[in-house]
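Presented below is the structure to which this report refers.
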Amino acid sequence: MPPAFVHRITKYDPADRDEHGHYTGAESTVSDHGPVEAAYLAAVAAFAEASDIDRLEIREPAVTGFVHFGGEPPAEGHGLGGLFPPDLTGCHDGAEVPLPVALELVRAMLRDQGAWCRLEVGDSFTVHVGWDQYVYVGSDRPCADAVARTRELGLFPEPLTASPYAAEADEAEVTEPADEHFWIRVHSALASRHALLLEESHVRNAARWHRITPENLDTVRAGLGPRALLTVWPDLTPDVGAVLAALPPEESINFVWEAQDGTISHAIVDDTDYQALSAHVADARAACALPLAEHHPLFCAALPDSDGVLRARW
């Protein structure tokens, strides 16, 4: 169940809304990176304090994909620099962070630079950041003092029945756990194919790639991130030239290649990028092109927690 008390916090005066609730005033829909942004963070902190919350869970983290829809230019590191290393280790579904880090995540989302997540404490406290500087805070307590503090900060807390960004119980697209049965299937596939490509996503739109074999599977498996989404594809093709020659026109694809040092990289490209791509991967050892429109991997599952329960919502 979602928290019983939900407030929409904005800088938009309700007096400047039309009969449909649409804001008609002059406030900008982007962050000022200054006092108004700081007021948002102080308001969220006030609700957390009123709810006795000092740590929050990151849920469904995501970063900018190959198309950026944000109101501000994408930032290096998706606005998460200083919070997580460049490979985003430690940022995953279920990761618990102290309140100051959670507030910095709110800041990154207000700046709309590429990172997004839900911040939750079970069913008792939630923070969701939507488009155009709309923040939704839910608590299992009325938080009257936090409401008053938000008004003092110059923002407008408005009660709602629920956050429009609340997770739906049935919204998960991947419901298969990467349990022992899953790994048995992977072992069986490796017995006939000798090698496979494993895509590991611990943050949506960010992936690490592994070329797995019967010899290295256990090592790769031991290094996978918590609650990662695992997608298994056929192996890379050593004839890189043939892969490049078969790239489809007028279509975006996920091009994956293995460099001479064994590292595996990927890029979302279309036919405007093919010439530059060919030069960039000229010395690659192997490659493949995965279509974006028709997503048909061999297997797809998400890592369960240590108790065997699948809690990640992919």
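Going through the structure tokens in order, the chains are called A, B, and so on, while each chain numbers its residues from 1 and the ligands are numbered from 1 in the order shown.
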
- Leaving out Glu76 in chain A and any residue of its chain fewer than 6 positions from it, which residues lie within 10 Å of it when counting only C-alpha atoms, given as a PyMOL selection string? chain A and resi 86+113-114

With range 203-216 of chain A as the partner and 7 Å as the cut-off, tabulate the residues of range 19-71 of chain A that qualify, each row holding the nearest pair of atoms and their distance in Å to one decimal, using only C-alpha atoms, sorted by chain and rising number, as a Markdown table.
```
| residue | atom | partner | partner_atom | distance |
| --- | --- | --- | --- | --- |
| A:Pro61 | CA | A:Val203 | CA | 5.3 |
| A:Ala62 | CA | A:Arg204 | CA | 4.3 |
| A:Val63 | CA | A:Asn205 | CA | 5.8 |
| A:Thr64 | CA | A:Asn205 | CA | 6.5 |
| A:Gly65 | CA | A:Asn205 | CA | 5.1 |
```

Selected residues, N, CA, C and O atoms, written as a PDB file, in the first residue's frame, please.
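Resulting contents of out-v2.pdb:
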```pdb
ATOM      1  N   PRO A  61      16.375   2.635 -10.699  1.00  0.00           N
ATOM      2  CA  PRO A  61      17.232   3.715 -11.199  1.00  0.00           C
ATOM      3  C   PRO A  61      17.377   3.651 -12.717  1.00  0.00           C
ATOM      4  O   PRO A  61      17.385   2.571 -13.314  1.00  0.00           O
ATOM      5  N   ALA A  62      17.484   4.811 -13.332  1.00  0.00           N
ATOM      6  CA  ALA A  62      17.635   4.897 -14.783  1.00  0.00           C
ATOM      7  C   ALA A  62      18.507   6.096 -15.124  1.00  0.00           C
ATOM      8  O   ALA A  62      18.575   7.076 -14.364  1.00  0.00           O
ATOM      9  N   VAL A  63      19.177   6.015 -16.244  1.00  0.00           N
ATOM     10  CA  VAL A  63      19.942   7.138 -16.777  1.00  0.00           C
ATOM     11  C   VAL A  63      19.526   7.350 -18.223  1.00  0.00           C
ATOM     12  O   VAL A  63      18.795   6.551 -18.811  1.00  0.00           O
ATOM     13  N   THR A  64      20.002   8.435 -18.807  1.00  0.00           N
ATOM     14  CA  THR A  64      19.627   8.779 -20.170  1.00  0.00           C
ATOM     15  C   THR A  64      20.016   7.677 -21.142  1.00  0.00           C
ATOM     16  O   THR A  64      21.132   7.160 -21.100  1.00  0.00           O
ATOM     17  N   GLY A  65      19.083   7.334 -22.008  1.00  0.00           N
ATOM     18  CA  GLY A  65      19.385   6.396 -23.081  1.00  0.00           C
ATOM     19  C   GLY A  65      19.929   7.119 -24.290  1.00  0.00           C
ATOM     20  O   GLY A  65      20.509   8.204 -24.178  1.00  0.00           O
TER      21      GLY A  65
END
```

- Enumerate the residues of range 83-289 of chain A with a DSSP assignment of strand (DSSP E or B), computed from the backbone, and present them as a ChimeraX atom specification. /A:84,96-98,116-121,125-129,135-139,156-160,177,196-204,206-212,229-234,237,253-258,264-269,286-289

Can you spit out the residues from that selection as a short mmCIF file (atom, residue, chain, number, x, y, z; two decimals), in the first residue's frame, using C-alpha atoms?
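Below you can see result13.cif, which holds the result:
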```
data_model
loop_
_atom_site.label_atom_id
_atom_site.label_comp_id
_atom_site.auth_asym_id
_atom_site.auth_seq_id
_atom_site.Cartn_x
_atom_site.Cartn_y
_atom_site.Cartn_z
CA PHE A 84 28.69 7.19 -7.58
CA GLU A 96 20.10 2.13 0.57
CA VAL A 97 21.52 5.66 0.81
CA PRO A 98 21.62 8.21 3.64
CA TRP A 116 15.91 9.25 -12.39
CA CYS A 117 14.74 6.88 -9.66
CA ARG A 118 12.08 6.44 -7.06
CA LEU A 119 13.18 6.97 -3.45
CA GLU A 120 11.27 4.88 -0.94
CA VAL A 121 11.19 3.45 2.55
CA PHE A 125 7.79 7.14 2.84
CA THR A 126 8.31 7.99 -0.83
CA VAL A 127 9.86 10.75 -2.90
CA HIS A 128 9.10 10.97 -6.62
CA VAL A 129 10.32 13.69 -8.98
CA VAL A 135 7.89 16.66 -6.52
CA TYR A 136 5.63 14.17 -4.76
CA VAL A 137 6.31 13.22 -1.14
CA GLY A 138 4.34 10.48 0.58
CA SER A 139 4.41 9.60 4.28
CA PHE A 156 3.21 25.11 -2.38
CA PRO A 157 2.38 21.74 -0.76
CA GLU A 158 -0.91 20.39 -2.08
CA PRO A 159 -2.50 17.18 -0.72
CA LEU A 160 -3.19 14.37 -3.18
CA PRO A 177 14.24 -14.82 -11.38
CA LEU A 196 27.24 -16.48 -25.29
CA LEU A 197 26.87 -12.75 -24.76
CA LEU A 198 25.53 -11.62 -21.38
CA GLU A 199 24.11 -8.13 -20.96
CA GLU A 200 24.06 -7.04 -17.30
CA SER A 201 21.95 -3.97 -16.44
CA HIS A 202 21.97 -2.69 -12.87
CA VAL A 203 20.66 0.73 -13.98
CA ARG A 204 18.18 1.13 -16.83
CA ALA A 206 23.37 1.39 -18.59
CA ALA A 207 24.84 -2.04 -19.20
CA ARG A 208 27.96 -4.10 -18.76
CA TRP A 209 28.67 -6.83 -21.28
CA HIS A 210 30.30 -10.20 -20.71
CA ARG A 211 31.29 -12.90 -23.17
CA ILE A 212 30.56 -16.04 -21.16
CA LEU A 229 18.65 -7.54 -15.22
CA LEU A 230 20.40 -10.33 -17.16
CA THR A 231 19.81 -10.70 -20.88
CA VAL A 232 21.50 -13.55 -22.75
CA TRP A 233 22.21 -13.19 -26.48
CA PRO A 234 23.95 -15.36 -29.08
CA THR A 237 30.57 -12.91 -34.64
CA ILE A 253 20.56 -0.77 -33.64
CA ASN A 254 22.64 -1.66 -30.62
CA PHE A 255 26.11 -2.43 -31.97
CA VAL A 256 28.25 -4.52 -29.61
CA TRP A 257 31.93 -5.27 -30.18
CA GLU A 258 34.93 -6.83 -28.47
CA ILE A 264 33.24 -5.28 -24.72
CA SER A 265 31.53 -2.00 -25.62
CA HIS A 266 28.27 -1.02 -27.23
CA ALA A 267 26.71 1.97 -28.95
CA ILE A 268 23.25 2.85 -30.23
CA VAL A 269 23.73 3.89 -33.87
CA ALA A 286 34.15 -9.73 -32.88
CA ALA A 287 30.83 -7.90 -33.04
CA CYS A 288 27.08 -8.18 -33.40
CA ALA A 289 24.13 -5.90 -34.15
#
```

- Excluding range 37-51 of chain A and any residue of its chain fewer than 3 positions from it, enumerate the residues within 6 Å of it, using only C-alpha atoms, and give them as a list of chain:residue names. A:His33, A:Gly34, A:Cys143, A:Ala146, A:Thr150, A:Leu153

- Query: Leaving out Gly82 in chain A and any residue of its chain fewer than 3 positions from it, which residues lie within 10 Å of it when counting only C-alpha atoms, given as a PyMOL selection string?
  - Reply: chain A and resi 77+79+85-86+101+104

- One decimal, Å: what's the distance from CA of Ala167 in chain A over to CA of Met1 in chain A, could you say? 10.2 Å

- Kindly give the distance, in Å, that separates CA of Val174 in chain A and CA of Asp305 in chain A, rounded to a single decimal. 14.9 Å

- Item | For Lys11 in chain A: contacts at 8 Å, only C-alpha atoms, fewer than 4 positions along chain excluded, given as number ranges by chain | A: 27, 36, 133, 154-156

Dump as an mmCIF file, in the first residue's frame, selection limited to N, CA, C and O atoms:
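Result file follows (part_37.cif):
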```cif
data_model
loop_
_atom_site.group_PDB
_atom_site.id
_atom_site.type_symbol
_atom_site.label_atom_id
_atom_site.label_comp_id
_atom_site.auth_asym_id
_atom_site.auth_seq_id
_atom_site.Cartn_x
_atom_site.Cartn_y
_atom_site.Cartn_z
ATOM 1 N N GLU A 27 6.375 31.149 -13.873
ATOM 2 C CA GLU A 27 7.505 30.392 -13.337
ATOM 3 C C GLU A 27 8.108 29.472 -14.403
ATOM 4 O O GLU A 27 7.383 28.819 -15.164
ATOM 5 N N VAL A 36 15.598 28.412 -5.206
ATOM 6 C CA VAL A 36 14.357 27.653 -5.335
ATOM 7 C C VAL A 36 14.658 26.157 -5.281
ATOM 8 O O VAL A 36 13.965 25.389 -4.609
ATOM 9 N N GLN A 133 9.587 20.211 -12.510
ATOM 10 C CA GLN A 133 9.771 20.616 -11.115
ATOM 11 C C GLN A 133 8.589 20.238 -10.227
ATOM 12 O O GLN A 133 8.276 20.939 -9.259
ATOM 13 N N GLY A 154 8.487 29.096 0.598
ATOM 14 C CA GLY A 154 7.988 29.716 -0.624
ATOM 15 C C GLY A 154 7.440 28.735 -1.641
ATOM 16 O O GLY A 154 7.135 29.117 -2.777
ATOM 17 N N LEU A 155 7.285 27.476 -1.236
ATOM 18 C CA LEU A 155 6.746 26.454 -2.127
ATOM 19 C C LEU A 155 5.300 26.149 -1.740
ATOM 20 O O LEU A 155 4.803 26.602 -0.699
ATOM 21 N N PHE A 156 4.637 25.368 -2.576
ATOM 22 C CA PHE A 156 3.211 25.108 -2.382
ATOM 23 C C PHE A 156 2.971 23.609 -2.226
ATOM 24 O O PHE A 156 3.043 22.850 -3.191
#
```

- Query: If we count only C-alpha atoms, what is near Phe182 in chain A at a cut-off of 9 Å, once residues fewer than 5 positions away on the same chain are taken out, given as a list in words?
  - Reply: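 My reading of the contact set: Glu176, Pro177, His187, Phe299, Cys300 and Ala301 of chain A.
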
Once you count only C-alpha atoms, what closest atom pair and distance in Å to one decimal does each residue of range 67-136 of chain A within 10 Å of range 224-228 of chain A have, with rows by chain and rising residue number, as JSON lines?
```
{"residue": "A:Thr89", "atom": "CA", "partner": "A:Gly225", "partner_atom": "CA", "distance": 8.0}
{"residue": "A:Gly90", "atom": "CA", "partner": "A:Gly225", "partner_atom": "CA", "distance": 8.4}
{"residue": "A:Cys91", "atom": "CA", "partner": "A:Gly225", "partner_atom": "CA", "distance": 9.4}
{"residue": "A:His92", "atom": "CA", "partner": "A:Pro226", "partner_atom": "CA", "distance": 6.9}
{"residue": "A:Asp93", "atom": "CA", "partner": "A:Arg227", "partner_atom": "CA", "distance": 6.4}
{"residue": "A:Gly94", "atom": "CA", "partner": "A:Arg227", "partner_atom": "CA", "distance": 7.7}
{"residue": "A:Ala95", "atom": "CA", "partner": "A:Pro226", "partner_atom": "CA", "distance": 8.6}
```
